[in-house]
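> Just start.pdb, nothing more (PDB, C-alpha atoms):
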ATOM      1  CA  MET A   1     114.136  85.930  98.675
ATOM      2  CA  PRO A   2     114.573  89.239  96.792
ATOM      3  CA  SER A   3     113.038  92.347  98.262
ATOM      4  CA  ILE A   4     111.621  95.568  96.909
ATOM      5  CA  ARG A   5     112.414  98.846  98.621
ATOM      6  CA  ILE A   6     109.276 100.983  98.524
ATOM      7  CA  PRO A   7     109.760 104.771  98.353
ATOM      8  CA  SER A   8     108.053 106.633 101.165
ATOM      9  CA  ALA A   9     105.601 108.293  98.756
ATOM     10  CA  LEU A  10     104.137 104.886  97.842
ATOM     11  CA  ARG A  11     103.986 103.294 101.278
ATOM     12  CA  THR A  12     100.330 104.127 101.610
ATOM     13  CA  PHE A  13      99.864 101.114  99.321
ATOM     14  CA  THR A  14     101.958  98.851 101.548
ATOM     15  CA  LYS A  15     100.480  99.902 104.895
ATOM     16  CA  GLY A  16     103.701 101.712 105.679
ATOM     17  CA  ALA A  17     106.045  98.813 104.925
ATOM     18  CA  ALA A  18     109.387  99.949 103.488
ATOM     19  CA  ASP A  19     110.622  96.538 102.326
ATOM     20  CA  ILE A  20     108.509  93.860 100.702
ATOM     21  CA  GLU A  21     109.878  90.365 100.180
ATOM     22  CA  ILE A  22     108.884  88.903  96.853
ATOM     23  CA  THR A  23     109.078  85.519  95.152
ATOM     24  CA  ALA A  24     110.355  86.358  91.676
ATOM     25  CA  THR A  25     113.188  85.708  89.259
ATOM     26  CA  THR A  26     112.870  88.881  87.165
ATOM     27  CA  VAL A  27     112.039  92.493  87.876
ATOM     28  CA  ARG A  28     108.859  92.132  85.827
ATOM     29  CA  ASP A  29     107.731  89.213  87.981
ATOM     30  CA  ALA A  30     108.628  91.132  91.109
ATOM     31  CA  LEU A  31     106.494  94.125  90.120
ATOM     32  CA  SER A  32     103.592  91.857  89.198
ATOM     33  CA  GLU A  33     103.827  90.137  92.551
ATOM     34  CA  LEU A  34     104.020  93.521  94.281
ATOM     35  CA  GLU A  35     100.785  94.562  92.570
ATOM     36  CA  ARG A  36      99.133  91.294  93.564
ATOM     37  CA  LEU A  37     100.100  91.806  97.194
ATOM     38  CA  HIS A  38      99.361  95.522  97.250
ATOM     39  CA  PRO A  39      96.747  96.371  94.612
ATOM     40  CA  GLY A  40      97.007  99.813  93.065
ATOM     41  CA  ILE A  41     100.727 100.329  93.424
ATOM     42  CA  GLY A  42     101.423  98.966  89.954
ATOM     43  CA  ALA A  43      99.489 101.766  88.286
ATOM     44  CA  ARG A  44     101.746 104.279  90.012
ATOM     45  CA  LEU A  45     104.821 102.605  88.571
ATOM     46  CA  MET A  46     103.886 101.480  85.085
ATOM     47  CA  THR A  47     101.794 102.390  82.066
ATOM     48  CA  ASP A  48     100.993  99.923  79.311
ATOM     49  CA  GLY A  49     103.621  97.518  80.526
ATOM     50  CA  THR A  50     106.470 100.009  80.699
ATOM     51  CA  VAL A  51     107.930 101.871  83.625
ATOM     52  CA  LYS A  52     106.757 105.468  83.823
ATOM     53  CA  PRO A  53     109.366 108.008  82.686
ATOM     54  CA  PHE A  54     109.764 109.633  86.102
ATOM     55  CA  ILE A  55     110.336 106.314  87.876
ATOM     56  CA  ARG A  56     113.653 104.458  87.813
ATOM     57  CA  ILE A  57     114.207 100.947  89.037
ATOM     58  CA  PHE A  58     117.515  99.574  90.210
ATOM     59  CA  VAL A  59     118.736  96.143  91.241
ATOM     60  CA  GLY A  60     121.282  96.876  93.911
ATOM     61  CA  ALA A  61     123.100  99.936  92.570
ATOM     62  CA  ASP A  62     122.510  99.116  88.929
ATOM     63  CA  ASP A  63     119.887 100.594  86.643
ATOM     64  CA  ILE A  64     117.733  97.839  85.156
ATOM     65  CA  GLY A  65     118.264  99.536  81.789
ATOM     66  CA  GLU A  66     121.756  98.064  81.860
ATOM     67  CA  LEU A  67     120.568  94.666  83.046
ATOM     68  CA  GLY A  68     117.900  93.839  80.482
ATOM     69  CA  GLY A  69     115.098  96.146  81.535
ATOM     70  CA  LEU A  70     112.093  94.557  83.164
ATOM     71  CA  ASP A  71     113.510  91.152  82.237
ATOM     72  CA  ALA A  72     116.540  91.778  84.453
ATOM     73  CA  LYS A  73     117.205  88.742  86.609
ATOM     74  CA  VAL A  74     116.944  88.989  90.359
ATOM     75  CA  SER A  75     118.381  86.540  92.817
ATOM     76  CA  GLU A  76     117.686  85.621  96.397
ATOM     77  CA  ARG A  77     119.628  88.427  98.013
ATOM     78  CA  ASP A  78     118.910  91.218  95.561
ATOM     79  CA  GLU A  79     117.239  94.428  96.623
ATOM     80  CA  ILE A  80     115.110  96.138  94.005
ATOM     81  CA  SER A  81     114.861  99.904  94.519
ATOM     82  CA  ILE A  82     112.107 102.100  93.124
ATOM     83  CA  ILE A  83     113.272 105.700  92.852
ATOM     84  CA  PRO A  84     110.769 108.336  91.732
ATOM     85  CA  ALA A  85     111.513 111.880  90.646
ATOM     86  CA  ILE A  86     110.642 114.332  93.394
ATOM     87  CA  ALA A  87     110.394 118.068  93.208
ATOM     88  CA  GLY A  88     110.180 119.515  96.687
ATOM     89  CA  GLY A  89     112.646 121.831  98.256
ATOM     90  CA  SER A  90     111.933 125.490  97.934
ATOM     91  CA  GLY A  91     108.456 126.862  97.881
ATOM     92  CA  ALA A  92     105.782 127.766 100.364
TER      93      ALA A  92
ATOM     94  CA  MET B   1     140.734 131.950  89.409
ATOM     95  CA  THR B   2     137.355 132.889  90.835
ATOM     96  CA  LEU B   3     134.736 130.160  90.654
ATOM     97  CA  ARG B   4     131.100 131.106  90.228
ATOM     98  CA  ALA B   5     127.881 129.228  90.908
ATOM     99  CA  THR B   6     124.206 129.898  90.350
ATOM    100  CA  ILE B   7     121.757 128.628  92.944
ATOM    101  CA  VAL B   8     118.195 128.368  91.652
ATOM    102  CA  GLY B   9     115.903 128.673  94.644
ATOM    103  CA  ALA B  10     116.460 130.437  97.960
ATOM    104  CA  GLY B  11     114.111 128.338 100.065
ATOM    105  CA  GLY B  12     114.460 125.173 102.098
ATOM    106  CA  LEU B  13     117.295 123.741 100.005
ATOM    107  CA  GLY B  14     118.717 126.976  98.636
ATOM    108  CA  GLY B  15     119.346 128.252 102.166
ATOM    109  CA  PRO B  16     121.677 125.494 103.405
ATOM    110  CA  ILE B  17     123.293 125.203  99.986
ATOM    111  CA  SER B  18     124.083 128.918  99.841
ATOM    112  CA  LEU B  19     125.266 129.152 103.423
ATOM    113  CA  GLY B  20     127.246 125.944 103.022
ATOM    114  CA  LEU B  21     129.111 127.463 100.098
ATOM    115  CA  ALA B  22     129.309 130.958 101.598
ATOM    116  CA  ARG B  23     132.922 130.829 102.698
ATOM    117  CA  THR B  24     134.348 128.513 100.086
ATOM    118  CA  GLY B  25     135.545 131.305  97.818
ATOM    119  CA  ILE B  26     132.833 130.651  95.233
ATOM    120  CA  GLU B  27     130.903 133.698  94.058
ATOM    121  CA  LEU B  28     127.201 132.937  94.257
ATOM    122  CA  THR B  29     124.238 134.137  92.244
ATOM    123  CA  ILE B  30     121.020 133.268  94.072
ATOM    124  CA  ILE B  31     117.764 133.553  92.172
ATOM    125  CA  ASP B  32     114.219 133.175  93.491
ATOM    126  CA  PRO B  33     111.034 135.132  92.754
ATOM    127  CA  ASP B  34     109.347 134.651  96.130
ATOM    128  CA  VAL B  35     109.108 136.571  99.363
ATOM    129  CA  VAL B  36     109.495 135.109 102.831
ATOM    130  CA  GLU B  37     106.223 133.843 104.295
ATOM    131  CA  LEU B  38     105.371 132.730 107.811
ATOM    132  CA  SER B  39     104.805 129.160 106.612
ATOM    133  CA  ASN B  40     108.428 129.023 105.394
ATOM    134  CA  LEU B  41     110.108 129.624 108.725
ATOM    135  CA  HIS B  42     110.001 126.102 110.182
ATOM    136  CA  ARG B  43     112.339 124.774 107.507
ATOM    137  CA  GLN B  44     113.935 127.810 105.875
ATOM    138  CA  ILE B  45     116.071 128.577 108.869
ATOM    139  CA  GLN B  46     118.093 131.182 107.031
ATOM    140  CA  PHE B  47     115.117 133.491 107.571
ATOM    141  CA  THR B  48     113.534 134.887 110.724
ATOM    142  CA  ALA B  49     110.366 136.801 111.467
ATOM    143  CA  VAL B  50     112.037 140.084 110.569
ATOM    144  CA  ASP B  51     112.419 138.811 106.987
ATOM    145  CA  LEU B  52     108.682 138.297 106.441
ATOM    146  CA  GLY B  53     107.605 139.904 103.192
ATOM    147  CA  ALA B  54     111.171 140.458 101.969
ATOM    148  CA  PRO B  55     112.526 138.867  98.773
ATOM    149  CA  LYS B  56     114.173 135.551  99.601
ATOM    150  CA  ALA B  57     116.988 135.900  97.079
ATOM    151  CA  ALA B  58     118.075 139.301  98.351
ATOM    152  CA  ARG B  59     117.897 138.293 102.025
ATOM    153  CA  LEU B  60     119.779 135.061 101.470
ATOM    154  CA  ALA B  61     122.471 136.806  99.442
ATOM    155  CA  GLY B  62     122.776 139.277 102.312
ATOM    156  CA  SER B  63     123.264 136.403 104.760
ATOM    157  CA  VAL B  64     125.991 134.909 102.573
ATOM    158  CA  VAL B  65     127.782 138.261 102.507
ATOM    159  CA  ALA B  66     127.357 138.584 106.278
ATOM    160  CA  HIS B  67     129.072 135.195 106.593
ATOM    161  CA  GLY B  68     132.043 136.488 104.628
ATOM    162  CA  GLY B  69     131.047 135.308 101.175
ATOM    163  CA  VAL B  70     130.319 136.992  97.884
ATOM    164  CA  ALA B  71     126.759 136.776  96.559
ATOM    165  CA  ARG B  72     124.139 138.625  94.600
ATOM    166  CA  GLY B  73     120.426 138.016  94.772
ATOM    167  CA  ILE B  74     118.110 138.162  91.774
ATOM    168  CA  VAL B  75     114.388 138.365  92.454
ATOM    169  CA  ALA B  76     113.030 136.505  89.452
ATOM    170  CA  ASP B  77     112.386 133.067  88.030
ATOM    171  CA  TRP B  78     115.323 131.277  86.438
ATOM    172  CA  THR B  79     114.215 130.592  82.881
ATOM    173  CA  LEU B  80     115.929 129.334  79.766
ATOM    174  CA  ALA B  81     115.214 132.703  78.151
ATOM    175  CA  ARG B  82     117.425 134.422  80.728
ATOM    176  CA  ALA B  83     119.774 131.567  81.518
ATOM    177  CA  ASP B  84     122.743 132.851  79.547
ATOM    178  CA  GLU B  85     122.392 136.286  81.107
ATOM    179  CA  ILE B  86     122.083 134.981  84.663
ATOM    180  CA  SER B  87     124.341 131.930  84.582
ATOM    181  CA  GLY B  88     126.546 132.491  81.550
ATOM    182  CA  ASP B  89     129.640 132.978  83.717
ATOM    183  CA  ALA B  90     128.804 130.156  86.141
ATOM    184  CA  ASP B  91     131.113 127.169  86.506
ATOM    185  CA  LEU B  92     128.359 125.293  88.297
ATOM    186  CA  ILE B  93     124.598 125.552  88.621
ATOM    187  CA  ILE B  94     122.535 124.058  91.422
ATOM    188  CA  ASP B  95     118.799 123.518  91.237
ATOM    189  CA  ALA B  96     117.139 123.947  94.611
ATOM    190  CA  SER B  97     113.699 124.741  93.241
ATOM    191  CA  ASP B  98     110.491 122.839  93.857
ATOM    192  CA  ASP B  99     109.398 122.839  90.241
ATOM    193  CA  PRO B 100     109.960 119.829  87.950
ATOM    194  CA  GLU B 101     110.052 121.992  84.813
ATOM    195  CA  THR B 102     112.777 124.169  86.318
ATOM    196  CA  LYS B 103     114.845 121.154  87.314
ATOM    197  CA  PHE B 104     114.817 119.846  83.755
ATOM    198  CA  ALA B 105     115.504 123.318  82.346
ATOM    199  CA  VAL B 106     118.504 123.792  84.624
ATOM    200  CA  ALA B 107     119.882 120.365  83.752
ATOM    201  CA  ASP B 108     119.288 120.784  80.026
ATOM    202  CA  TRP B 109     120.968 124.196  79.993
ATOM    203  CA  ALA B 110     123.941 122.873  81.954
ATOM    204  CA  VAL B 111     124.349 119.900  79.628
ATOM    205  CA  ALA B 112     124.075 122.034  76.486
ATOM    206  CA  ASN B 113     126.639 124.487  77.839
ATOM    207  CA  GLY B 114     129.066 121.949  79.258
ATOM    208  CA  ARG B 115     128.576 123.022  82.889
ATOM    209  CA  ARG B 116     128.656 120.969  86.027
ATOM    210  CA  TYR B 117     125.366 120.880  87.919
ATOM    211  CA  VAL B 118     123.537 119.487  90.912
ATOM    212  CA  ILE B 119     119.807 118.797  91.108
ATOM    213  CA  ALA B 120     118.486 118.584  94.667
ATOM    214  CA  ALA B 121     115.014 117.713  95.900
ATOM    215  CA  ALA B 122     113.463 116.958  99.281
ATOM    216  CA  LEU B 123     110.062 115.628 100.200
ATOM    217  CA  ARG B 124     108.537 114.299 103.406
ATOM    218  CA  TYR B 125     111.410 112.488 105.135
ATOM    219  CA  GLY B 126     113.952 112.117 102.342
ATOM    220  CA  GLY B 127     115.316 113.472  99.128
ATOM    221  CA  ASN B 128     117.521 113.036  96.097
ATOM    222  CA  VAL B 129     120.754 114.681  95.011
ATOM    223  CA  MET B 130     121.934 114.166  91.439
ATOM    224  CA  ALA B 131     125.347 115.338  90.232
ATOM    225  CA  GLY B 132     125.952 116.092  86.575
ATOM    226  CA  ALA B 133     129.023 116.922  84.539
ATOM    227  CA  PRO B 134     130.080 116.860  80.901
ATOM    228  CA  GLY B 135     130.492 113.375  79.544
ATOM    229  CA  VAL B 136     128.146 111.479  81.855
ATOM    230  CA  ALA B 137     124.469 110.563  81.791
ATOM    231  CA  CYS B 138     122.263 113.557  82.514
ATOM    232  CA  TYR B 139     119.183 114.288  84.582
ATOM    233  CA  ARG B 140     116.982 113.746  81.526
ATOM    234  CA  CYS B 141     118.653 110.376  80.965
ATOM    235  CA  LEU B 142     117.493 109.541  84.474
ATOM    236  CA  PHE B 143     113.899 110.785  84.604
ATOM    237  CA  GLU B 144     113.229 111.609  80.934
ATOM    238  CA  GLU B 145     110.654 114.373  81.313
ATOM    239  CA  PRO B 146     108.869 116.522  83.890
ATOM    240  CA  ALA B 147     105.879 114.890  85.481
ATOM    241  CA  GLU B 148     103.184 115.661  87.987
ATOM    242  CA  VAL B 149     105.045 114.644  91.103
ATOM    243  CA  PRO B 150     104.277 115.660  94.671
ATOM    244  CA  SER B 151     105.833 118.865  95.974
ATOM    245  CA  CYS B 152     106.373 119.992  99.554
ATOM    246  CA  ALA B 153     103.133 121.955  99.312
ATOM    247  CA  ASP B 154     101.311 118.682  98.530
ATOM    248  CA  ALA B 155     103.094 116.170 100.694
ATOM    249  CA  GLY B 156     105.023 118.257 103.223
ATOM    250  CA  VAL B 157     108.638 118.014 104.254
ATOM    251  CA  LEU B 158     110.290 117.593 107.615
ATOM    252  CA  GLY B 159     112.232 120.739 108.524
ATOM    253  CA  PRO B 160     115.590 119.086 109.247
ATOM    254  CA  VAL B 161     115.398 117.063 106.030
ATOM    255  CA  VAL B 162     115.928 120.080 103.778
ATOM    256  CA  GLY B 163     118.942 121.069 105.874
ATOM    257  CA  ALA B 164     120.454 117.628 105.477
ATOM    258  CA  ILE B 165     119.749 117.297 101.746
ATOM    259  CA  GLY B 166     120.904 120.850 101.121
ATOM    260  CA  SER B 167     124.159 120.235 102.963
ATOM    261  CA  VAL B 168     124.838 117.101 100.914
ATOM    262  CA  ALA B 169     124.091 119.023  97.723
ATOM    263  CA  ALA B 170     126.516 121.772  98.773
ATOM    264  CA  ALA B 171     129.261 119.281  99.573
ATOM    265  CA  ILE B 172     128.867 117.480  96.258
ATOM    266  CA  ALA B 173     128.733 120.787  94.399
ATOM    267  CA  LEU B 174     131.943 121.867  96.077
ATOM    268  CA  GLY B 175     133.640 118.675  94.967
ATOM    269  CA  LEU B 176     132.288 118.938  91.434
ATOM    270  CA  VAL B 177     133.363 122.534  90.940
ATOM    271  CA  HIS B 178     136.888 121.586  91.999
ATOM    272  CA  GLY B 179     137.009 118.684  89.556
ATOM    273  CA  ASP B 180     136.003 115.748  91.751
ATOM    274  CA  ARG B 181     133.854 113.501  89.512
ATOM    275  CA  THR B 182     133.201 110.773  92.087
ATOM    276  CA  TYR B 183     129.464 111.310  91.950
ATOM    277  CA  ALA B 184     129.184 112.699  88.425
ATOM    278  CA  GLY B 185     126.327 110.869  86.749
ATOM    279  CA  ALA B 186     125.072 109.341  89.988
ATOM    280  CA  LEU B 187     122.021 109.829  92.154
ATOM    281  CA  LEU B 188     122.118 109.798  95.929
ATOM    282  CA  ALA B 189     118.728 108.752  97.241
ATOM    283  CA  PHE B 190     117.873 109.382 100.897
ATOM    284  CA  ASP B 191     114.711 107.475 101.610
ATOM    285  CA  ASP B 192     113.847 108.315 105.201
ATOM    286  CA  LEU B 193     116.392 110.316 107.151
ATOM    287  CA  ARG B 194     114.624 109.571 110.422
ATOM    288  CA  LYS B 195     115.738 105.967 110.069
ATOM    289  CA  VAL B 196     118.692 105.725 107.693
ATOM    290  CA  ALA B 197     121.158 108.565 107.207
ATOM    291  CA  GLU B 198     123.202 106.819 104.518
ATOM    292  CA  PRO B 199     122.031 107.224 100.936
ATOM    293  CA  ARG B 200     121.673 104.615  98.276
ATOM    294  CA  VAL B 201     124.077 105.650  95.550
ATOM    295  CA  VAL B 202     122.823 104.488  92.182
ATOM    296  CA  ARG B 203     124.387 104.942  88.793
ATOM    297  CA  TYR B 204     122.748 104.909  85.408
ATOM    298  CA  ALA B 205     123.836 104.819  81.822
ATOM    299  CA  PRO B 206     123.329 107.521  79.198
ATOM    300  CA  ARG B 207     119.971 106.961  77.526
ATOM    301  CA  PRO B 208     120.284 106.546  73.768
ATOM    302  CA  GLY B 209     118.222 109.205  72.064
ATOM    303  CA  CYS B 210     118.289 111.580  75.055
ATOM    304  CA  PRO B 211     117.555 115.000  73.499
ATOM    305  CA  ALA B 212     119.569 116.859  76.127
ATOM    306  CA  CYS B 213     122.680 114.753  75.581
ATOM    307  CA  ALA B 214     122.328 115.240  71.831
ATOM    308  CA  ARG B 215     123.084 118.931  72.422
ATOM    309  CA  ALA B 216     125.998 118.283  74.749
ATOM    310  CA  PRO B 217     129.450 119.410  73.641
ATOM    311  CA  ILE B 218     130.812 116.124  75.019
ATOM    312  CA  SER B 219     128.620 113.144  74.218
ATOM    313  CA  PRO B 220     128.124 110.894  77.241
ATOM    314  CA  LEU B 221     127.749 107.955  74.896
ATOM    315  CA  ALA B 222     131.303 108.531  73.689
ATOM    316  CA  ALA B 223     132.805 109.182  77.115
ATOM    317  CA  PRO B 224     134.305 106.495  79.343
ATOM    318  CA  PRO B 225     131.931 105.237  82.046
ATOM    319  CA  VAL B 226     132.198 106.719  85.511
ATOM    320  CA  ARG B 227     132.146 104.298  88.408
ATOM    321  CA  VAL B 228     130.961 105.420  91.788
ATOM    322  CA  ALA B 229     130.992 103.868  95.199
ATOM    323  CA  GLU B 230     127.957 101.729  95.761
ATOM    324  CA  GLY B 231     125.668 102.580  98.641
ATOM    325  CA  ASN B 232     123.567 100.343 100.823
TER     326      ASN B 232
END
Can you turn what I pasted into structure tokens?

Amino acid sequence: MPSIRIPSALRTFTKGAADIEITATTVRDALSELERLHPGIGARLMTDGTVKPFIRIFVGADDIGELGGLDAKVSERDEISIIPAIAGGSGA
Amino acid sequence: MTLRATIVGAGGLGGPISLGLARTGIELTIIDPDVVELSNLHRQIQFTAVDLGAPKAARLAGSVVAHGGVARGIVADWTLARADEISGDADLIIDASDDPETKFAVADWAVANGRRYVIAAALRYGGNVMAGAPGVACYRCLFEEPAEVPSCADAGVLGPVVGAIGSVAAAIALGLVHGDRTYAGALLAFDDLRKVAEPRVVRYAPRPGCPACARAPISPLAAPPVRVAEGN
């Protein structure tokens, strides 16, 4: 069963869980299932059916942009990673 | 030949990056507008109580010199308007700021001027380090545009995390400035350093229509792809 790696900033939606196992054959299905299981997280990832510009999604080490976008296929052992832009590091 | 680097930000990331590069023979320009505050000290370990109220850039440059390096501190914001003046002679530029707009500005300037660059960020228990160089996908290819994302002031950051992310950024910068392109065009994502110290290394393609790449002297769309080691 493929899994989705949840970034720490979004784990409030998953009750702290870092990895969520999903029944899905595409990234789009996986994100829909994630939203069904953890309502609210989808709105943090997508707008009008597209991934927000400061969020990138990878299957394994590969950007889904190179794999067919949200229609990228996922298989049983794939790990889907959600990587958001972050900005911390310097200030007060 | 003397190598030069600009480090944008003298705080939680800028400290370990600057000190990590202090004795590598690279001349550093460190720029930051802020002064040291009490709330900084738990994670900005380059400063102590005696530095309170002093400009971070000047104090950090002084520490680099005390460690045997060469550095100058500039107490100001790094902006595109002054970028050529401040970083025009830099072989490498490192963003260690906590401001999304600055990260994109640093990356865009580096791409347009054919410079190598590193964008570092830390938040809560993890962080990201992105390495850029001419001919590969850029930071704007990755995240497209600045957004309202949490900063350390909003979400906090664990003190040791900035040391770890900053040290990784310094090591990658050192490789980049000496021509090692292993991580050029890749992002190292550290999710939760309390649990997993190894990053996920992800690669991404140049984004067609990227406005930053359109100004690059070497088009990433025309360059051969760079392969990197895959992480966990």
> Evaluating the ChimeraX specification (/A :<6) & /B on the displayed file yields which residues, as a VMD selection string?
chain B and resid 11 to 13 40 97 to 100 121 to 123 143 to 144 151 to 152 202 204
> Taking the file above as input, evaluate the PyMOL selection byres ((chain A and resi 35) around 12) and report the hits as a list in words.
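Output from the PyMOL selection byres ((chain A and resi 35) around 12), applied to this file: Ile4, Phe13, Thr14, Ile20, Ile22, Arg28, Asp29, Ala30, Leu31, Ser32, Glu33, Leu34, Arg36, Leu37, His38, Pro39, Gly40, Ile41, Gly42, Ala43, Arg44, Leu45 and Met46 of chain A.
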> Go ahead and save the residues from that selection, with C-alpha atoms, as a JSON list (two decimals), in the frame of the given file.

[["chain", "number", "residue", "atom", "x", "y", "z"],
["A", 4, "ILE", "CA", 111.62, 95.57, 96.91],
["A", 13, "PHE", "CA", 99.86, 101.11, 99.32],
["A", 14, "THR", "CA", 101.96, 98.85, 101.55],
["A", 20, "ILE", "CA", 108.51, 93.86, 100.70],
["A", 22, "ILE", "CA", 108.88, 88.90, 96.85],
["A", 28, "ARG", "CA", 108.86, 92.13, 85.83],
["A", 29, "ASP", "CA", 107.73, 89.21, 87.98],
["A", 30, "ALA", "CA", 108.63, 91.13, 91.11],
["A", 31, "LEU", "CA", 106.49, 94.12, 90.12],
["A", 32, "SER", "CA", 103.59, 91.86, 89.20],
["A", 33, "GLU", "CA", 103.83, 90.14, 92.55],
["A", 34, "LEU", "CA", 104.02, 93.52, 94.28],
["A", 36, "ARG", "CA", 99.13, 91.29, 93.56],
["A", 37, "LEU", "CA", 100.10, 91.81, 97.19],
["A", 38, "HIS", "CA", 99.36, 95.52, 97.25],
["A", 39, "PRO", "CA", 96.75, 96.37, 94.61],
["A", 40, "GLY", "CA", 97.01, 99.81, 93.06],
["A", 41, "ILE", "CA", 100.73, 100.33, 93.42],
["A", 42, "GLY", "CA", 101.42, 98.97, 89.95],
["A", 43, "ALA", "CA", 99.49, 101.77, 88.29],
["A", 44, "ARG", "CA", 101.75, 104.28, 90.01],
["A", 45, "LEU", "CA", 104.82, 102.60, 88.57],
["A", 46, "MET", "CA", 103.89, 101.48, 85.08]]
> Hey, which of A:Ala17, A:Ile82, A:Val51, A:Val27 ends up closest to Leu70 in chain A? Count only C-alpha atoms.
A:Val27
> At a cut-off of 10 Å around the point (128.7, 119.6, 73.9) (file coordinates), what residues fall inside when counting all atoms listed in the file? I'd like the answer as a VMD selection string.
chain B and resid 110 to 115 134 to 135 212 to 220
> Quote the spacing between CA of Arg4 in chain B and CA of Asp32 in chain B in Å to one decimal place.
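These atoms are spaced 17.3 Å apart.
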> By how many Å are CA of Asp95 in chain B and CA of Gly132 in chain B apart?
11.3 Å
> Starting from the PyMOL selection byres ((chain B and resi 180-186) around 9), expand the selection into actual residues of this file and give them as a PyMOL selection string.
chain B and resi 116+129-139+172+174-179+187-188+201-206+226-229
> Generate a file of the selected residues that holds C-alpha atoms, formatted as a JSON list (two decimals), keeping the file's coordinate frame.

[["chain", "number", "residue", "atom", "x", "y", "z"],
["B", 116, "ARG", "CA", 128.66, 120.97, 86.03],
["B", 129, "VAL", "CA", 120.75, 114.68, 95.01],
["B", 130, "MET", "CA", 121.93, 114.17, 91.44],
["B", 131, "ALA", "CA", 125.35, 115.34, 90.23],
["B", 132, "GLY", "CA", 125.95, 116.09, 86.58],
["B", 133, "ALA", "CA", 129.02, 116.92, 84.54],
["B", 134, "PRO", "CA", 130.08, 116.86, 80.90],
["B", 135, "GLY", "CA", 130.49, 113.38, 79.54],
["B", 136, "VAL", "CA", 128.15, 111.48, 81.86],
["B", 137, "ALA", "CA", 124.47, 110.56, 81.79],
["B", 138, "CYS", "CA", 122.26, 113.56, 82.51],
["B", 139, "TYR", "CA", 119.18, 114.29, 84.58],
["B", 172, "ILE", "CA", 128.87, 117.48, 96.26],
["B", 174, "LEU", "CA", 131.94, 121.87, 96.08],
["B", 175, "GLY", "CA", 133.64, 118.68, 94.97],
["B", 176, "LEU", "CA", 132.29, 118.94, 91.43],
["B", 177, "VAL", "CA", 133.36, 122.53, 90.94],
["B", 178, "HIS", "CA", 136.89, 121.59, 92.00],
["B", 179, "GLY", "CA", 137.01, 118.68, 89.56],
["B", 187, "LEU", "CA", 122.02, 109.83, 92.15],
["B", 188, "LEU", "CA", 122.12, 109.80, 95.93],
["B", 201, "VAL", "CA", 124.08, 105.65, 95.55],
["B", 202, "VAL", "CA", 122.82, 104.49, 92.18],
["B", 203, "ARG", "CA", 124.39, 104.94, 88.79],
["B", 204, "TYR", "CA", 122.75, 104.91, 85.41],
["B", 205, "ALA", "CA", 123.84, 104.82, 81.82],
["B", 206, "PRO", "CA", 123.33, 107.52, 79.20],
["B", 226, "VAL", "CA", 132.20, 106.72, 85.51],
["B", 227, "ARG", "CA", 132.15, 104.30, 88.41],
["B", 228, "VAL", "CA", 130.96, 105.42, 91.79],
["B", 229, "ALA", "CA", 130.99, 103.87, 95.20]]
> So what do you get for CA of Asp19 in chain A versus CA of Ser3 in chain A, distance-wise?
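Calculated distance between CA of Asp19 in chain A and CA of Ser3 in chain A is 6.3 Å.
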> For a cut-off of 9 Å around (123.9, 122.6, 99.0), file coordinates, pick out all residues using only C-alpha atoms and list them as a list in words.
Ile7, Leu13, Gly14, Gly15, Pro16, Ile17, Ser18, Leu19, Gly20, Leu21, Ile94, Ala96, Val118, Ala120, Gly163, Ala164, Ile165, Gly166, Ser167, Val168, Ala169, Ala170, Ala171, Ile172, Ala173 and Leu174 of chain B
